[in-house]
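Novice: Can you keep this structure in mind? I'll have questions shortly.
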Amino acid sequence: MERGPELSPERPMSTLLYRGKTYETHHEPAPKVCRTLNYHQQHYNSCREQVARDLHPQMSYRGITYWKDAPAQGGDQEARMRNDRQTYLQIARELVSAQFVHGDAELARRLWNDVGERNLDVERLNNLLYGCHFHDDDTAMQEADEAYLEALSA
């Protein structure tokens, strides 16, 4: 018993149904061409796959900024290292604020618990806390972190 043209294995579905009338297609569907569309000085891509890849290149979680690089460009490892460093720098700043600036023991305890739950390197954080004198300076903190990582790998 044949149930219809859509289930027939010997020929592809070529019959369309619109308002109770059937229509047959006699051509293959045209391939979709990706275009960049402009609207009110904004640029949009007409292909959803490419838009999904390019969506949110910079994300934020708990106040920590992360960057998404395409793995095809070889930037996956670099992005992971950059995100890892940003995590350590942000938590170190929060710990400095809680422990040294505000003297908030409860907040410091919660932050250290967060460090333990996320399996972060405590020695690396201690190096950032006590090995860097200017915690609001990104360059100084990155240099202290790089020096610690180089000493660790040596």
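Chains: A, B, ... in order of the structure tokens. Residues: from 1 per chain. Ligands: from 1, in order shown.
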Just want the 12 Å neighbourhood of range 115-117 of chain A, counted on only C-alpha atoms, with same-chain residues fewer than 4 positions away dropped. Output as number ranges by chain.

Specialist: A: 87-88, 90-92, 94-95, 108-111, 121-126

Novice: Could you please determine the separation between CA of Asp138 in chain A and CA of Arg93 in chain A in Å, to one decimal place?

Specialist: 10.3 Å

Novice: Could you tell me how far CA of Asn113 in chain A sits from CA of Ser153 in chain A, in Å to one decimal place?

Specialist: 26.6 Å

Novice: So, counting only C-alpha atoms, which residue among A:Asn127, A:Pro31, A:Arg62, A:Trp112 is closest to Ala147 in chain A?

Specialist: A:Asn127
